[in-house]
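*Asks:* What follows is a single structure, and I will ask about it in a moment.
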Amino acid sequence: MISKFLRGNIALSVLAVLVSFVVGGILIALSDPTVQSSASYFTARPTDLLSAIWNAVFGAYDALFRGSVFNYQAATTTGMFKPITETLAFATPITMAGLGLAVAFRSGLFNIGGTGQIIFGAIFAGWVGINLDLPWILHFPLAVLAGVFGGALFGSIVGLLKATTGANEVIVTIMFNYIAALLLSYFLKTPFLQAPHNINPISKPILASAKYPAFLGPNFRLHAGVFAMLAAVALVWWLLNRSTLGFQFRALGHNPSAARVAGINIGLNYVLVMAVSGALAGLAGTSQILGTEGSLTTGVAASFGFDAITVALLGRNNPFGVLAAGILFGGLRAGAVTMQASQGVPIDIVFIVQSMIVLFIAAPPLVRSIFRIRAKVEAA
Amino acid sequence: MKLELRGITKRFGALAANDNVSLVAEAGQIHCLLGENGAGKSTLMNVLYGLYQADSGQILLDDKPVKFSGPGDAMAAGIGMVHQHFMLIPVFTVAENVVLGHEPVKFGGVLDIAAARKKVREISDRFGFDVDPDAIVGELPVGVQQRVEIIKALITDAKVLVFDEPTAVLTPQETDELMAIMRQLRDSGRAIVFITHKLREVKEVADKITVMRLGKVVGEAKPSDTAEAMASMMVGRAVDLEVRKTPAKPGAAGLEVSGLNVWNHEGQQVLNDVSFQIHAGEILVIAGVQGNGQTELTEAILGTQTKHHGSIKLSGHELLGKTVKQVLDAGVGFVPEDRTEDGLVADFTIAENLMLDRSDRAPFAKRGVLQLDFLAKFAAEKVAQYDVRAQGIQAKASQLSGGNQQKVVLARELSRELKLLVASQPTRGLDVGSIEFVHEQIVAARDSGIPVLIVATELDEATQLGDRIAVMYQGKIMGIVPPDTDRTVLGKMMAGLSA
């Protein structure tokens, strides 16, 4: 199943995105009230309908662009460039977690536990960020390391269960997502993490000494986590292509029985794969809790854990591909808000576009048949 | 019925799997189609069976052109096929399997199993197949399952019968029985097309021989021609079918297996009190029909079998209970039976496959960092030394032919300092040229003074390669005999009768 995802090519990913935008456009047109009303007198004045469709679709995608890349309508320079920073702010955790899942997918483990590992990273990083009183130079790296460790710990338990009992990692990671989410909401209702004298499930604010520097100033949500993301992309590339560990991960992913016969310790590698995968998801957790969010809440992981799966697949489990896909998804997230605000297009359209991307990637023959790409090339 | 294929051409992309191939199979004749793996024999038969459409050329039955758009058409026209991999449903009875696809029904659409049973019994009696229509197919020996396949073809009254590599899974005795059945079917006036790459069988049974190479018919051969002459036609150059080796000079005992018992995951005992020794500089061949414990024996040595009792000592050091890595580090070279599954990572390059076992140590890695420059040099060296035909060291293993894949596995295993070589069916599915090469390498390993354990399912390989032959049957060693032992004696031992 996984090897199928691995064999997709760049063209397929790009086409999947294109087709999804076309389907999104159709839905935007269908849900637009002007389009609906002008359709009723289509035979009398057909141009009305066509221009209504054009206005709806172009307007929506234009708003998406303004909200995610460059806002040419903004009054100030800051306002013009804010959208792209928003895109990157969303892209940071999605890409980090996507990298983690890509490592697991490349190694033949279908890690669905991004959400749980992000939450664990956030709990560990959050606790350190709230409770220790240290100078930034010590506090910040310690908090990040704690988050990375938390994710790695939660991931490696899954690897250990698979190695020792043969438990299926898909089922275990899905269940672990619930465990992590419920554990977090329990912690947020007990003195362990809940802010004193507060009835809401929210922690005390993270100390400034543990936060990612907001290098663009307080008006922007984008923080230095974006550099951690870029470093992670390079690190994962190096790990997979230049290190013994990555080589053994890939051997495991492509053919576990050949890896075993060649003396590679399969069980140990399951644990290591899941630890690395979880560590990257944990890093995504730190980007949330030590960057964008001020304090720990139950919504810390948002839908990043699942977006990360899509991003890993869309990026064909290649670190640079994951980065590109992560930025695309960050852009969709950032732009959706503007789309809704300025055009009244429901934000759900963006979710549908995202879901269509998953669908088209999971079913490559669908995209192939739409574009009549022959599988014959492969046979030759 | 006379079958004629005239000028069949079938292309896959740029590759012509069949290039203007013609052959005529007459009624009452056994027509052998001889060629190496990849010569285009199976493609040709798939064209005949309607599974592929030819790009050009004609199929004629009794001089009338026909067109098949699927196996159904071919069957209706009187062509039956016995596949290499049986197309049987193991949990069904013989009768149920035989009528699958054209079930006789009684009033109301009820399966008329009695009619099916009767038909099976008729055919079985007529040809002396000795097949019980009510037996569950999965419980039958392989040779009998094959007869069920033949009955399946005969029940539709096939006049042309195609056998696609039918002897690959049979014991020598079962092979002899199959030959007798083929002769009988020929004498009943059917045209038989027998696809094979085994020269012994061809010489024994063929009336007419067509040799194919690289998609083309390269000529006809006579059953009276020498095996060497036929092999040369198949390969396109002179070949040496004899394994050339000097008499063994056995040294001290290298590998000592004593009282080895192994149980599989289901708890069944698959090895039963197995004991033998292999001396340094000696090849011991484990002969036997596939599935009699040979695989488990090699896996026990490698360390991938977990439930065991007994001892496997290499130069006095116990191997049993060690991890695979420890066993390999102790100097065991391992050529697995299924190279695509256990020997290679298909999506890895040749270079990556060459370091699969040593990616964690110098000179392939230093402090966890791969030394890709060294790997490139090493791989280029090995590719040249082992004559691996490929686009380059960055070619993926999946793009290589079986022979070249096996060369990569051998290159990897033999490039370590070895104290023991274990090779399971090392020439399975390889062409004549590659077989020659693999045998040379194995003999060279022996001559370097290490014990060598070979698992062979083909008697020719066992007798030619082995210095001694141990015959296995149902997890037991039936006896250890010299390689010049009579074939019928070996055959009996393989069937479980003591010598």
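Residue names in the structure tokens use chain letters A, B, ... in the order shown, residue numbers from 1 in each chain, and ligand numbers from 1 in the order shown.
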Write out as an MDAnalysis selection string every residue belonging to chain B that has an atom at most 6 Å from any atom of chain A, counting only C-alpha atoms.

*Replies:* chainID B and resid 13 324:325 342:345 357 359:360 368:370

*Asks:* Env of segment 192-198 of chain B: 7 Å cut, atoms = only C-alpha atoms, seq-sep filter 2 positions within chain, self excluded. Answer as a PDB file with C-alpha atoms, in the first residue's frame.

*Replies:*
```
ATOM      1  CA  GLN B  29       3.136 -34.650 -32.237  1.00  0.00           C
ATOM      2  CA  ILE B  30       4.897 -33.217 -29.238  1.00  0.00           C
ATOM      3  CA  HIS B  31       6.327 -29.904 -30.285  1.00  0.00           C
ATOM      4  CA  CYS B  32       8.919 -28.500 -27.907  1.00  0.00           C
ATOM      5  CA  LEU B  33       9.401 -24.779 -27.637  1.00  0.00           C
ATOM      6  CA  LEU B  34      12.868 -24.386 -26.205  1.00  0.00           C
ATOM      7  CA  GLY B  35      14.406 -21.156 -24.993  1.00  0.00           C
ATOM      8  CA  GLU B  36      15.851 -19.348 -22.018  1.00  0.00           C
ATOM      9  CA  VAL B 160      -4.187 -28.536 -28.775  1.00  0.00           C
ATOM     10  CA  LEU B 161      -2.596 -28.711 -25.330  1.00  0.00           C
ATOM     11  CA  VAL B 162       0.034 -26.242 -24.215  1.00  0.00           C
ATOM     12  CA  PHE B 163       2.248 -27.114 -21.223  1.00  0.00           C
ATOM     13  CA  ASP B 164       4.050 -24.065 -19.858  1.00  0.00           C
ATOM     14  CA  GLU B 165       7.195 -25.149 -17.956  1.00  0.00           C
ATOM     15  CA  ARG B 186      -0.126 -37.255 -28.292  1.00  0.00           C
ATOM     16  CA  ARG B 190      -3.788 -34.212 -29.902  1.00  0.00           C
ATOM     17  CA  ARG B 200      16.989 -33.544 -20.800  1.00  0.00           C
ATOM     18  CA  GLU B 201      13.190 -33.441 -21.053  1.00  0.00           C
ATOM     19  CA  VAL B 202      13.282 -32.155 -24.599  1.00  0.00           C
TER      20      VAL B 202
END
```

*Asks:* Determine, counting only C-alpha atoms, which protein, DNA and RNA residues have an atom within 10 Å of an atom of segment 193-198 of chain A; residues of the same chain fewer than 2 positions away are not included. Present the result as a PDB file with C-alpha atoms, in the first residue's frame.

*Replies:*
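Here's the written file around-v5.pdb:
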```
ATOM      1  CA  ILE A 123       2.926  19.073  26.544  1.00  0.00           C
ATOM      2  CA  GLY A 126       4.865  23.622  27.367  1.00  0.00           C
ATOM      3  CA  TRP A 127       5.694  22.295  30.816  1.00  0.00           C
ATOM      4  CA  ILE A 130       5.920  27.462  31.821  1.00  0.00           C
ATOM      5  CA  ASN A 131       7.691  26.101  34.866  1.00  0.00           C
ATOM      6  CA  LEU A 184      -3.900  16.823  27.405  1.00  0.00           C
ATOM      7  CA  SER A 185      -7.441  17.830  28.270  1.00  0.00           C
ATOM      8  CA  TYR A 186      -7.064  16.029  31.628  1.00  0.00           C
ATOM      9  CA  PHE A 187      -3.803  17.870  32.358  1.00  0.00           C
ATOM     10  CA  LEU A 188      -5.466  21.145  31.458  1.00  0.00           C
ATOM     11  CA  LYS A 189      -8.127  20.551  34.094  1.00  0.00           C
ATOM     12  CA  THR A 190      -5.672  19.631  36.859  1.00  0.00           C
ATOM     13  CA  PRO A 191      -3.020  21.753  38.538  1.00  0.00           C
ATOM     14  CA  ASN A 200     -11.093  27.074  31.476  1.00  0.00           C
ATOM     15  CA  PRO A 201      -8.808  24.291  30.241  1.00  0.00           C
ATOM     16  CA  ILE A 202      -5.889  26.549  29.560  1.00  0.00           C
ATOM     17  CA  SER A 203      -2.341  26.673  30.887  1.00  0.00           C
ATOM     18  CA  LYS A 204      -0.376  29.581  32.239  1.00  0.00           C
ATOM     19  CA  PRO A 205       1.270  31.604  29.457  1.00  0.00           C
ATOM     20  CA  SER A 295      -0.400  29.102  26.147  1.00  0.00           C
ATOM     21  CA  LEU A 296      -1.358  25.453  25.976  1.00  0.00           C
ATOM     22  CA  THR A 297      -4.964  24.624  25.072  1.00  0.00           C
TER      23      THR A 297
END
```

*Asks:* Could you give me, as a ChimeraX atom specification, each residue of segment 116-278 of chain B that DSSP assigns to strand (DSSP E or B) when run on this structure's backbone?

*Replies:* /B:136,160-164,191-196,208-213,216-221,253-263,269-278

*Asks:* Would you kindly return, as a VMD selection string, each protein, DNA or RNA residue with an atom no farther than 10 Å from any atom of Ile26 of chain A, considering only C-alpha atoms and excluding same-chain residues fewer than 6 positions away?

*Replies:* chain A and resid 20 53 56 to 57

*Asks:* Using only C-alpha atoms, can you tell me which of B:Gly310, B:Pro104, B:Pro90, B:Pro483 comes closest to Arg117 of chain B?

*Replies:*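 With only C-alpha atoms as the atom set, the closest residue is B:Pro104.
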
*Asks:* Could you tell me how far atom CA of Leu372 of chain B lies from atom CA of Leu240 of chain A, in Å and to one decimal?

*Replies:* 13.2 Å

*Asks:* I need the residue nearest Ile480 of chain B from this list: B:Gly333, B:Pro133, B:Gly251, B:Gly466. Use only C-alpha atoms for the distance.

*Replies:*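 Answer, going by the shortest atom-to-atom distance: B:Gly466.
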